[in-house]
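**Q** One file: protein.pdb (PDB, C-alpha atoms).
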```pdb
ATOM      1  CA  MET A   1      82.766 -16.365  16.129
ATOM      2  CA  LYS A   2      79.107 -17.351  15.760
ATOM      3  CA  LEU A   3      77.685 -15.704  18.845
ATOM      4  CA  SER A   4      78.558 -13.458  21.782
ATOM      5  CA  VAL A   5      76.676 -13.984  25.053
ATOM      6  CA  ILE A   6      76.684 -10.819  27.181
ATOM      7  CA  VAL A   7      76.013 -11.226  30.915
ATOM      8  CA  PRO A   8      75.589  -8.045  32.997
ATOM      9  CA  VAL A   9      76.127  -8.856  36.684
ATOM     10  CA  TYR A  10      75.230  -6.921  39.793
ATOM     11  CA  ASN A  11      75.170  -8.702  43.173
ATOM     12  CA  THR A  12      73.803 -12.046  41.988
ATOM     13  CA  GLU A  13      76.368 -14.208  43.773
ATOM     14  CA  GLU A  14      73.717 -16.711  44.874
ATOM     15  CA  TYR A  15      72.525 -17.479  41.334
ATOM     16  CA  LEU A  16      75.461 -16.566  39.090
ATOM     17  CA  LYS A  17      77.157 -19.967  38.880
ATOM     18  CA  GLU A  18      73.940 -21.659  37.780
ATOM     19  CA  CYS A  19      73.479 -19.036  35.064
ATOM     20  CA  ILE A  20      77.045 -19.217  33.721
ATOM     21  CA  ASP A  21      77.052 -23.023  33.793
ATOM     22  CA  SER A  22      73.883 -23.053  31.669
ATOM     23  CA  ILE A  23      75.705 -20.889  29.114
ATOM     24  CA  LEU A  24      78.909 -22.921  29.083
ATOM     25  CA  ASN A  25      76.973 -26.191  28.739
ATOM     26  CA  GLN A  26      75.459 -25.077  25.421
ATOM     27  CA  THR A  27      75.742 -27.408  22.428
ATOM     28  CA  LEU A  28      76.759 -24.519  20.130
ATOM     29  CA  ASP A  29      80.399 -24.245  19.110
ATOM     30  CA  LEU A  30      82.412 -21.067  18.447
ATOM     31  CA  TYR A  31      80.840 -18.671  20.902
ATOM     32  CA  GLU A  32      82.205 -16.290  23.517
ATOM     33  CA  VAL A  33      80.880 -15.232  26.913
ATOM     34  CA  ILE A  34      81.383 -11.604  27.968
ATOM     35  CA  ILE A  35      80.603 -11.021  31.646
ATOM     36  CA  VAL A  36      80.309  -7.371  32.712
ATOM     37  CA  ASP A  37      80.481  -6.886  36.471
ATOM     38  CA  ASP A  38      78.618  -3.658  37.189
ATOM     39  CA  GLY A  39      80.244  -2.771  40.498
ATOM     40  CA  SER A  40      79.070  -5.784  42.520
ATOM     41  CA  THR A  41      79.694  -5.585  46.266
ATOM     42  CA  ASP A  42      79.128  -9.285  47.021
ATOM     43  CA  GLY A  43      81.227 -12.249  45.842
ATOM     44  CA  SER A  44      80.100 -12.084  42.193
ATOM     45  CA  LEU A  45      83.455 -10.842  40.868
ATOM     46  CA  ASP A  46      85.360 -13.703  42.530
ATOM     47  CA  ILE A  47      83.039 -16.204  40.830
ATOM     48  CA  ILE A  48      83.513 -14.461  37.472
ATOM     49  CA  ASN A  49      87.310 -14.469  37.785
ATOM     50  CA  GLY A  50      87.235 -18.198  38.481
ATOM     51  CA  TYR A  51      85.486 -18.826  35.156
ATOM     52  CA  VAL A  52      87.884 -16.526  33.292
ATOM     53  CA  GLU A  53      90.833 -18.550  34.601
ATOM     54  CA  ASN A  54      89.318 -21.877  33.542
ATOM     55  CA  TYR A  55      87.570 -21.116  30.227
ATOM     56  CA  SER A  56      89.312 -19.532  27.233
ATOM     57  CA  ASN A  57      86.034 -18.264  25.747
ATOM     58  CA  VAL A  58      84.991 -16.377  28.916
ATOM     59  CA  HIS A  59      86.019 -12.722  29.169
ATOM     60  CA  ALA A  60      85.296 -10.310  32.013
ATOM     61  CA  ILE A  61      85.001  -6.562  32.360
ATOM     62  CA  SER A  62      84.631  -4.787  35.689
ATOM     63  CA  GLN A  63      83.192  -1.277  35.936
ATOM     64  CA  LYS A  64      81.721   0.965  38.592
ATOM     65  CA  ASN A  65      77.981   0.630  39.054
ATOM     66  CA  CYS A  66      76.350   2.312  36.043
ATOM     67  CA  GLY A  67      73.218   0.220  35.576
ATOM     68  CA  LEU A  68      71.992  -2.533  33.283
ATOM     69  CA  GLY A  69      71.951  -0.447  30.100
ATOM     70  CA  ALA A  70      75.578   0.633  30.488
ATOM     71  CA  ALA A  71      76.706  -2.929  31.249
ATOM     72  CA  ARG A  72      74.983  -4.291  28.146
ATOM     73  CA  ASN A  73      76.481  -1.506  26.026
ATOM     74  CA  MET A  74      79.965  -2.284  27.304
ATOM     75  CA  GLY A  75      79.592  -5.927  26.294
ATOM     76  CA  LEU A  76      78.135  -5.046  22.899
ATOM     77  CA  ARG A  77      81.024  -2.712  22.058
ATOM     78  CA  ILE A  78      83.647  -5.451  22.419
ATOM     79  CA  ALA A  79      81.591  -8.419  21.172
ATOM     80  CA  LYS A  80      82.945 -10.282  18.140
ATOM     81  CA  GLY A  81      80.105 -12.688  17.452
ATOM     82  CA  GLU A  82      77.959 -12.628  14.344
ATOM     83  CA  TYR A  83      74.938 -12.681  16.664
ATOM     84  CA  ILE A  84      74.491 -11.108  20.100
ATOM     85  CA  TYR A  85      72.594 -12.552  23.033
ATOM     86  CA  PHE A  86      71.949 -10.751  26.350
ATOM     87  CA  ILE A  87      71.084 -12.896  29.387
ATOM     88  CA  ASP A  88      70.199 -11.812  32.934
ATOM     89  CA  SER A  89      72.640 -13.198  35.487
ATOM     90  CA  ASP A  90      70.072 -14.945  37.689
ATOM     91  CA  ASP A  91      68.323 -16.872  34.902
ATOM     92  CA  ILE A  92      68.954 -20.154  33.063
ATOM     93  CA  LEU A  93      69.160 -21.315  29.433
ATOM     94  CA  GLU A  94      68.163 -24.692  28.023
ATOM     95  CA  LYS A  95      71.199 -26.657  26.804
ATOM     96  CA  ASN A  96      70.345 -26.522  23.069
ATOM     97  CA  ALA A  97      68.959 -22.974  23.048
ATOM     98  CA  LEU A  98      71.816 -21.116  21.382
ATOM     99  CA  GLU A  99      72.546 -23.773  18.756
ATOM    100  CA  HIS A 100      68.899 -24.049  17.714
ATOM    101  CA  CYS A 101      68.382 -20.286  17.594
ATOM    102  CA  TYR A 102      71.662 -19.489  15.855
ATOM    103  CA  ASN A 103      71.065 -22.085  13.133
ATOM    104  CA  LEU A 104      67.547 -20.814  12.533
ATOM    105  CA  ALA A 105      68.650 -17.162  12.457
ATOM    106  CA  TYR A 106      71.611 -17.916  10.167
ATOM    107  CA  LYS A 107      69.521 -20.036   7.760
ATOM    108  CA  ASN A 108      66.861 -17.322   7.390
ATOM    109  CA  LYS A 109      69.319 -14.385   7.497
ATOM    110  CA  LEU A 110      67.403 -12.850  10.408
ATOM    111  CA  ASP A 111      68.138  -9.620  12.257
ATOM    112  CA  MET A 112      66.195 -10.871  15.303
ATOM    113  CA  LEU A 113      64.993 -14.233  16.564
ATOM    114  CA  ILE A 114      62.740 -14.347  19.618
ATOM    115  CA  PHE A 115      62.005 -17.465  21.661
ATOM    116  CA  GLU A 116      59.749 -18.278  24.609
ATOM    117  CA  SER A 117      60.360 -18.387  28.360
ATOM    118  CA  ASP A 118      58.765 -19.608  31.523
ATOM    119  CA  ILE A 119      59.148 -18.453  35.114
ATOM    120  CA  PHE A 120      60.373 -20.208  38.251
ATOM    121  CA  GLY A 121      61.453 -19.408  41.779
ATOM    122  CA  ASN A 122      59.678 -17.936  44.783
ATOM    123  CA  ILE A 123      56.272 -17.647  43.163
ATOM    124  CA  GLU A 124      52.971 -19.506  43.117
ATOM    125  CA  VAL A 125      51.263 -19.233  39.754
ATOM    126  CA  GLU A 126      47.862 -20.663  38.915
ATOM    127  CA  ASN A 127      48.052 -19.680  35.261
ATOM    128  CA  MET A 128      51.638 -19.895  34.012
ATOM    129  CA  GLU A 129      50.544 -18.851  30.517
ATOM    130  CA  GLN A 130      50.077 -15.263  31.707
ATOM    131  CA  TYR A 131      53.892 -15.130  31.630
ATOM    132  CA  MET A 132      54.101 -16.739  28.181
ATOM    133  CA  PHE A 133      54.411 -13.683  25.932
ATOM    134  CA  HIS A 134      54.252 -15.451  22.603
ATOM    135  CA  ARG A 135      51.112 -17.463  23.281
ATOM    136  CA  ARG A 136      49.253 -14.239  22.448
ATOM    137  CA  ILE A 137      50.925 -13.791  19.061
ATOM    138  CA  ASN A 138      49.955 -15.234  15.687
ATOM    139  CA  ARG A 139      52.320 -16.234  12.873
ATOM    140  CA  ILE A 140      54.724 -18.200  15.040
ATOM    141  CA  GLY A 141      57.652 -19.541  13.010
ATOM    142  CA  GLU A 142      57.113 -17.172  10.066
ATOM    143  CA  VAL A 143      59.659 -14.663   8.779
ATOM    144  CA  LEU A 144      58.248 -11.190   9.538
ATOM    145  CA  ASN A 145      59.373  -7.606   9.256
ATOM    146  CA  GLY A 146      59.371  -5.537  12.417
ATOM    147  CA  VAL A 147      56.956  -2.817  11.365
ATOM    148  CA  ASP A 148      54.284  -5.295  10.246
ATOM    149  CA  PHE A 149      54.748  -7.228  13.475
ATOM    150  CA  ILE A 150      54.275  -4.273  15.784
ATOM    151  CA  GLU A 151      51.316  -2.939  13.793
ATOM    152  CA  GLU A 152      49.588  -6.308  14.200
ATOM    153  CA  ASN A 153      50.523  -6.943  17.837
ATOM    154  CA  TYR A 154      51.149  -3.669  19.712
ATOM    155  CA  TYR A 155      47.844  -4.024  21.588
ATOM    156  CA  LYS A 156      48.497  -7.662  22.537
ATOM    157  CA  ILE A 157      51.979  -7.328  23.901
ATOM    158  CA  SER A 158      53.932  -4.238  24.865
ATOM    159  CA  LEU A 159      57.369  -5.787  24.945
ATOM    160  CA  LEU A 160      59.364  -8.780  23.773
ATOM    161  CA  ASN A 161      61.969  -9.127  26.514
ATOM    162  CA  ILE A 162      65.639  -8.608  25.685
ATOM    163  CA  PRO A 163      66.863 -11.963  27.154
ATOM    164  CA  PHE A 164      64.465 -13.876  24.872
ATOM    165  CA  THR A 165      66.118 -12.533  21.714
ATOM    166  CA  LEU A 166      69.110 -13.111  19.445
ATOM    167  CA  TYR A 167      70.252 -10.006  17.538
ATOM    168  CA  LEU A 168      72.429  -9.754  14.455
ATOM    169  CA  ARG A 169      75.380  -7.686  15.652
ATOM    170  CA  GLU A 170      75.743  -5.883  12.314
ATOM    171  CA  PHE A 171      72.080  -4.815  12.504
ATOM    172  CA  LEU A 172      72.536  -3.331  15.971
ATOM    173  CA  ILE A 173      75.788  -1.534  15.160
ATOM    174  CA  ASN A 174      74.680  -0.172  11.769
ATOM    175  CA  ASN A 175      71.502   1.246  13.316
ATOM    176  CA  ARG A 176      73.337   2.549  16.414
ATOM    177  CA  LEU A 177      71.092   0.508  18.655
ATOM    178  CA  PHE A 178      72.531   0.845  22.139
ATOM    179  CA  PHE A 179      70.709   0.977  25.474
ATOM    180  CA  LEU A 180      69.870   4.130  27.375
ATOM    181  CA  GLU A 181      72.033   4.454  30.478
ATOM    182  CA  GLN A 182      71.374   5.621  34.048
ATOM    183  CA  THR A 183      67.659   4.804  33.850
ATOM    184  CA  ILE A 184      65.271   1.904  34.291
ATOM    185  CA  TYR A 185      62.893   0.601  31.610
ATOM    186  CA  GLU A 186      65.727   1.068  29.115
ATOM    187  CA  ASP A 187      64.560  -2.187  27.512
ATOM    188  CA  VAL A 188      61.258  -0.546  26.478
ATOM    189  CA  ASP A 189      63.106   2.188  24.614
ATOM    190  CA  PHE A 190      65.576  -0.287  23.062
ATOM    191  CA  TYR A 191      62.831  -2.646  21.913
ATOM    192  CA  HIS A 192      60.785   0.037  20.156
ATOM    193  CA  ARG A 193      63.801   1.664  18.495
ATOM    194  CA  THR A 194      64.913  -1.765  17.305
ATOM    195  CA  ILE A 195      61.508  -2.680  15.875
ATOM    196  CA  GLY A 196      61.308   0.796  14.295
ATOM    197  CA  CYS A 197      64.389  -0.112  12.210
ATOM    198  CA  ASN A 198      62.221  -2.795  10.584
ATOM    199  CA  PRO A 199      64.292  -5.917  11.336
ATOM    200  CA  LYS A 200      63.780  -9.185   9.522
ATOM    201  CA  MET A 201      62.581 -11.327  12.416
ATOM    202  CA  MET A 202      61.006 -14.575  13.542
ATOM    203  CA  ILE A 203      59.238 -15.664  16.731
ATOM    204  CA  ILE A 204      59.320 -19.290  17.869
ATOM    205  CA  ASP A 205      57.477 -20.850  20.802
ATOM    206  CA  ASN A 206      60.287 -23.081  22.113
ATOM    207  CA  ILE A 207      60.707 -22.540  25.860
ATOM    208  CA  PHE A 208      64.479 -22.001  25.983
ATOM    209  CA  TYR A 209      64.700 -19.453  28.806
ATOM    210  CA  HIS A 210      63.858 -19.888  32.491
ATOM    211  CA  ARG A 211      63.336 -16.571  34.234
ATOM    212  CA  ARG A 212      63.823 -16.528  37.999
ATOM    213  CA  TYR A 213      61.233 -14.752  40.122
ATOM    214  CA  ARG A 214      62.884 -13.440  43.280
ATOM    215  CA  GLN A 215      62.494 -10.632  45.760
ATOM    216  CA  ASN A 216      64.605  -7.484  45.360
ATOM    217  CA  SER A 217      65.069  -7.902  41.608
ATOM    218  CA  ILE A 218      64.163  -5.347  38.944
ATOM    219  CA  MET A 219      61.230  -7.567  38.023
ATOM    220  CA  THR A 220      59.754  -7.419  41.559
ATOM    221  CA  SER A 221      60.908  -3.974  42.665
ATOM    222  CA  LYS A 222      58.457  -1.731  44.492
ATOM    223  CA  VAL A 223      56.475   0.795  42.454
ATOM    224  CA  THR A 224      57.428   4.364  43.393
ATOM    225  CA  GLU A 225      56.851   7.853  42.042
ATOM    226  CA  THR A 226      60.363   7.721  40.556
ATOM    227  CA  SER A 227      59.747   4.416  38.769
ATOM    228  CA  ILE A 228      56.391   5.670  37.443
ATOM    229  CA  MET A 229      57.987   8.834  36.053
ATOM    230  CA  ASN A 230      60.876   6.850  34.553
ATOM    231  CA  LYS A 231      58.372   4.701  32.696
ATOM    232  CA  ILE A 232      56.372   7.722  31.517
ATOM    233  CA  ASN A 233      59.517   9.494  30.301
ATOM    234  CA  ILE A 234      60.615   6.384  28.407
ATOM    235  CA  TYR A 235      57.279   6.242  26.581
ATOM    236  CA  ASP A 236      57.588   9.953  25.824
ATOM    237  CA  SER A 237      60.985   9.158  24.284
ATOM    238  CA  VAL A 238      59.381   6.399  22.201
ATOM    239  CA  MET A 239      56.960   8.952  20.733
ATOM    240  CA  ILE A 240      59.535  11.713  20.225
ATOM    241  CA  ASN A 241      62.070   9.472  18.491
ATOM    242  CA  SER A 242      59.692   7.719  16.127
ATOM    243  CA  SER A 243      60.055   8.207  12.392
ATOM    244  CA  ASP A 244      57.396  10.183  10.507
ATOM    245  CA  THR A 245      56.001   7.011   8.932
ATOM    246  CA  LEU A 246      55.577   5.330  12.328
ATOM    247  CA  MET A 247      54.507   8.371  14.335
ATOM    248  CA  LYS A 248      50.818   7.487  14.590
ATOM    249  CA  LEU A 249      51.660   3.922  15.604
ATOM    250  CA  TYR A 250      54.177   5.068  18.211
ATOM    251  CA  TYR A 251      51.721   7.662  19.515
ATOM    252  CA  MET A 252      49.352   4.748  20.118
ATOM    253  CA  ILE A 253      52.087   2.759  21.882
ATOM    254  CA  GLY A 254      53.428   5.726  23.864
ATOM    255  CA  ILE A 255      50.175   7.164  25.151
ATOM    256  CA  ARG A 256      48.924   3.655  25.952
ATOM    257  CA  GLY A 257      52.094   3.061  27.995
ATOM    258  CA  ILE A 258      51.609   6.350  29.857
ATOM    259  CA  ARG A 259      47.977   5.477  30.579
ATOM    260  CA  LYS A 260      49.023   2.113  32.038
ATOM    261  CA  ALA A 261      51.702   3.801  34.158
ATOM    262  CA  LEU A 262      49.098   6.183  35.573
ATOM    263  CA  GLN A 263      46.738   3.282  36.258
ATOM    264  CA  GLU A 264      49.600   1.613  38.136
ATOM    265  CA  CYS A 265      50.138   4.856  40.030
ATOM    266  CA  LYS A 266      46.504   4.965  41.102
ATOM    267  CA  LYS A 267      46.429   1.249  41.990
ATOM    268  CA  ASN A 268      49.436   1.667  44.301
ATOM    269  CA  LYS A 269      48.042   4.934  45.762
ATOM    270  CA  ILE A 270      51.101   6.948  44.747
ATOM    271  CA  ASN A 271      50.811  10.711  44.830
ATOM    272  CA  LEU A 272      52.597  12.693  42.110
ATOM    273  CA  ASP A 273      54.054  16.084  42.940
ATOM    274  CA  LYS A 274      53.034  19.122  40.910
ATOM    275  CA  LYS A 275      56.249  19.193  38.892
ATOM    276  CA  ASN A 276      55.641  15.655  37.623
ATOM    277  CA  ILE A 277      51.967  16.340  36.933
ATOM    278  CA  TYR A 278      52.882  19.382  34.843
ATOM    279  CA  GLY A 279      55.494  17.265  33.047
ATOM    280  CA  ILE A 280      52.900  14.659  32.066
ATOM    281  CA  LEU A 281      50.470  17.357  30.926
ATOM    282  CA  LYS A 282      53.248  18.845  28.770
ATOM    283  CA  ILE A 283      53.859  15.445  27.147
ATOM    284  CA  ILE A 284      50.166  15.133  26.270
ATOM    285  CA  LYS A 285      50.000  18.720  25.029
ATOM    286  CA  ASN A 286      52.923  18.099  22.644
ATOM    287  CA  ILE A 287      51.096  15.291  20.838
ATOM    288  CA  ASP A 288      49.997  16.375  17.360
ATOM    289  CA  ILE A 289      46.266  15.650  17.427
ATOM    290  CA  ASN A 290      46.079  16.109  13.659
ATOM    291  CA  ILE A 291      47.489  12.612  13.172
ATOM    292  CA  CYS A 292      45.686  11.007  16.122
ATOM    293  CA  ASN A 293      42.999   8.371  15.717
ATOM    294  CA  LEU A 294      40.179   7.647  18.135
ATOM    295  CA  SER A 295      42.262   5.157  20.141
ATOM    296  CA  ILE A 296      44.957   7.779  20.847
ATOM    297  CA  LEU A 297      42.407  10.440  21.745
ATOM    298  CA  LEU A 298      40.633   8.092  24.167
ATOM    299  CA  ASP A 299      43.907   7.172  25.875
ATOM    300  CA  MET A 300      44.780  10.878  26.150
ATOM    301  CA  GLN A 301      41.384  11.442  27.772
ATOM    302  CA  TYR A 302      42.019   8.576  30.209
ATOM    303  CA  CYS A 303      45.399  10.102  31.096
ATOM    304  CA  LEU A 304      43.782  13.455  31.861
ATOM    305  CA  TYR A 305      41.160  11.698  33.963
ATOM    306  CA  PHE A 306      43.777   9.849  36.001
ATOM    307  CA  ILE A 307      45.861  12.984  36.474
ATOM    308  CA  ASP A 308      42.785  14.818  37.735
ATOM    309  CA  ASP A 309      41.911  11.933  40.049
ATOM    310  CA  ILE A 310      45.495  11.569  41.341
ATOM    311  CA  SER A 311      45.719  15.312  41.923
ATOM    312  CA  LYS A 312      42.624  15.223  44.099
TER     313      LYS A 312
END
```
Here is a file; write its structure as structure tokens.

**A**
Amino acid sequence: MKLSVIVPVYNTEEYLKECIDSILNQTLDLYEVIIVDDGSTDGSLDIINGYVENYSNVHAISQKNCGLGAARNMGLRIAKGEYIYFIDSDDILEKNALEHCYNLAYKNKLDMLIFESDIFGNIEVENMEQYMFHRRINRIGEVLNGVDFIEENYYKISLLNIPFTLYLREFLINNRLFFLEQTIYEDVDFYHRTIGCNPKMMIIDNIFYHRRYRQNSIMTSKVTETSIMNKINIYDSVMINSSDTLMKLYYMIGIRGIRKALQECKKNKINLDKKNIYGILKIIKNIDINICNLSILLDMQYCLYFIDDISK
């Protein structure tokens, strides 16, 4: 089995058939499709069962609603492919995407291969390139190691999205790289832990993925105090779980992420309660300033400024 495509599904009845058809129309041979229904309450499960009945390489799992991270983990645990690919159930793949990416990853013995996406749907965009993550990155098409990549690019891009990436299954399993469950922004944590394991990787600029912009999705969900604190806690986890050799780098990434979350909080005029404010102050206090550079110290100062301003 060359590749396992894992599709977490939650109430995407309207778009699910288009997504699955784009997977089954791939030019790659010897791949399986694992669809994990995460407690859908619409007609998604009926659609999934129809594909299971008609395609021998489509398998389905149904579970109570546990969130995106848990659904991806479930698929990963039973996957048999040499490479793993996670796709969101409302998006679309180009027909030759998996074959091109698998062949390139296999030829170069890669742990990760990342491709490009665009965006479509209920959105008017004057500058589409703001959604093109890789247009900001140098060394396209080169074999890189993860640590060098993130040291060169952490300030240009905070995240390479999960559905734009092929992963070597053995790399994920050997490094115990599973998603956090029962939280949002689990992809931020997963991405940084994965890069911290120093994968052999490549980034290409082929637009193989079409990401749907729609209302009421995770991508367009309303900013709340809960979502802000989830993001801040994820970045705290990034700092806490970094290795000693990467601690300064992950301090820079973590405190920068917290600063941006607080800026988002201020922009959306969200008040934080005292418990959350004290929690953020505790995170900042726990940072070892002995290994901080000027960039980290400035971001810490910005965080304190925003907390003071939000408190007022």

**Q** Give as a ChimeraX atom specification each residue that has an atom at most 10 Å from (45.0, 7.4, 20.8) in the file, counting all atoms listed in the file.

**A** /A:248-256,287,289,291-302

**Q** Could you save the residues just selected, with C-alpha atoms, as a CSV table (one decimal), in the frame of the given file?

**A**
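Final file, out-v4.csv:
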```csv
chain,number,residue,atom,x,y,z
A,248,LYS,CA,50.8,7.5,14.6
A,249,LEU,CA,51.7,3.9,15.6
A,250,TYR,CA,54.2,5.1,18.2
A,251,TYR,CA,51.7,7.7,19.5
A,252,MET,CA,49.4,4.7,20.1
A,253,ILE,CA,52.1,2.8,21.9
A,254,GLY,CA,53.4,5.7,23.9
A,255,ILE,CA,50.2,7.2,25.2
A,256,ARG,CA,48.9,3.7,26.0
A,287,ILE,CA,51.1,15.3,20.8
A,289,ILE,CA,46.3,15.6,17.4
A,291,ILE,CA,47.5,12.6,13.2
A,292,CYS,CA,45.7,11.0,16.1
A,293,ASN,CA,43.0,8.4,15.7
A,294,LEU,CA,40.2,7.6,18.1
A,295,SER,CA,42.3,5.2,20.1
A,296,ILE,CA,45.0,7.8,20.8
A,297,LEU,CA,42.4,10.4,21.7
A,298,LEU,CA,40.6,8.1,24.2
A,299,ASP,CA,43.9,7.2,25.9
A,300,MET,CA,44.8,10.9,26.2
A,301,GLN,CA,41.4,11.4,27.8
A,302,TYR,CA,42.0,8.6,30.2
```

**Q** Using only C-alpha atoms, which protein or nucleic acid residues come within 12 Å of Leu113 (chain A)? Drop anything in the same chain fewer than 2 positions from it, and give the result as a ChimeraX atom specification.

**A** /A:83-85,97-98,100-111,115-116,140-146,160-168,199-206

**Q** Please, what distance in Å, to one decimal, runs between CA of Glu32 (chain A) and CA of Leu76 (chain A)?

**A**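 Those two atoms sit 12.0 Å apart.
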
**Q** Could you spell out the hits of the PyMOL selection byres ((chain A and resi 18) around 10) on the shown file, as a list in words?

**A**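 Given this file, the PyMOL selection byres ((chain A and resi 18) around 10) evaluates to Glu13, Glu14, Tyr15, Leu16, Lys17, Cys19, Ile20, Asp21, Ser22, Ile23, Ser89, Asp90, Asp91, Ile92 and Leu93 of chain A.
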
**Q** Give me the residues near region 4-10 of chain A as a PyMOL selection string, where near means some atom within 8 Å (using all atoms listed in the file) and where sequence neighbours in that chain fewer than 6 positions away do not count.

**A** chain A and resi 31-41+44+68+71-72+75-76+79-89

**Q** Go ahead and dump the residues you just picked, C-alpha atoms, as a compact mmCIF listing (two decimals), in the frame of the given file.

**A**
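Written out: part_3.txt:
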```txt
# COMPACT_ATOMS: atom_id res chain seq x y z
CA TYR A 31 80.84 -18.67 20.90
CA GLU A 32 82.20 -16.29 23.52
CA VAL A 33 80.88 -15.23 26.91
CA ILE A 34 81.38 -11.60 27.97
CA ILE A 35 80.60 -11.02 31.65
CA VAL A 36 80.31 -7.37 32.71
CA ASP A 37 80.48 -6.89 36.47
CA ASP A 38 78.62 -3.66 37.19
CA GLY A 39 80.24 -2.77 40.50
CA SER A 40 79.07 -5.78 42.52
CA THR A 41 79.69 -5.58 46.27
CA SER A 44 80.10 -12.08 42.19
CA LEU A 68 71.99 -2.53 33.28
CA ALA A 71 76.71 -2.93 31.25
CA ARG A 72 74.98 -4.29 28.15
CA GLY A 75 79.59 -5.93 26.29
CA LEU A 76 78.14 -5.05 22.90
CA ALA A 79 81.59 -8.42 21.17
CA LYS A 80 82.94 -10.28 18.14
CA GLY A 81 80.10 -12.69 17.45
CA GLU A 82 77.96 -12.63 14.34
CA TYR A 83 74.94 -12.68 16.66
CA ILE A 84 74.49 -11.11 20.10
CA TYR A 85 72.59 -12.55 23.03
CA PHE A 86 71.95 -10.75 26.35
CA ILE A 87 71.08 -12.90 29.39
CA ASP A 88 70.20 -11.81 32.93
CA SER A 89 72.64 -13.20 35.49
```

**Q** Looking at A:Ile270, A:Leu3, A:Cys303, A:Cys66, which one is nearest to Leu28 (chain A), with distances taken over all atoms listed in the file?

**A**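 Checking each candidate against Leu28 (chain A), we get A:Leu3 as the closest.
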
**Q** Mind pulling up the distance from CA of Ile61 (chain A) to CA of Lys2 (chain A)?

**A**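 Distance reported for this atom pair: 20.7 Å.
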
**Q** Which is closer to Asn57 (chain A) than all the others in A:Leu246, A:Leu24, A:Ala70, A:Leu262, using only C-alpha atoms?

**A** A:Leu24

**Q** Check the smallest atom-to-atom distance from each of A:Ile119, A:Leu177, A:Met247, A:Ile150 to Arg77 (chain A) using all atoms listed in the file, then report the winner.

**A**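 Closest candidate: A:Leu177.
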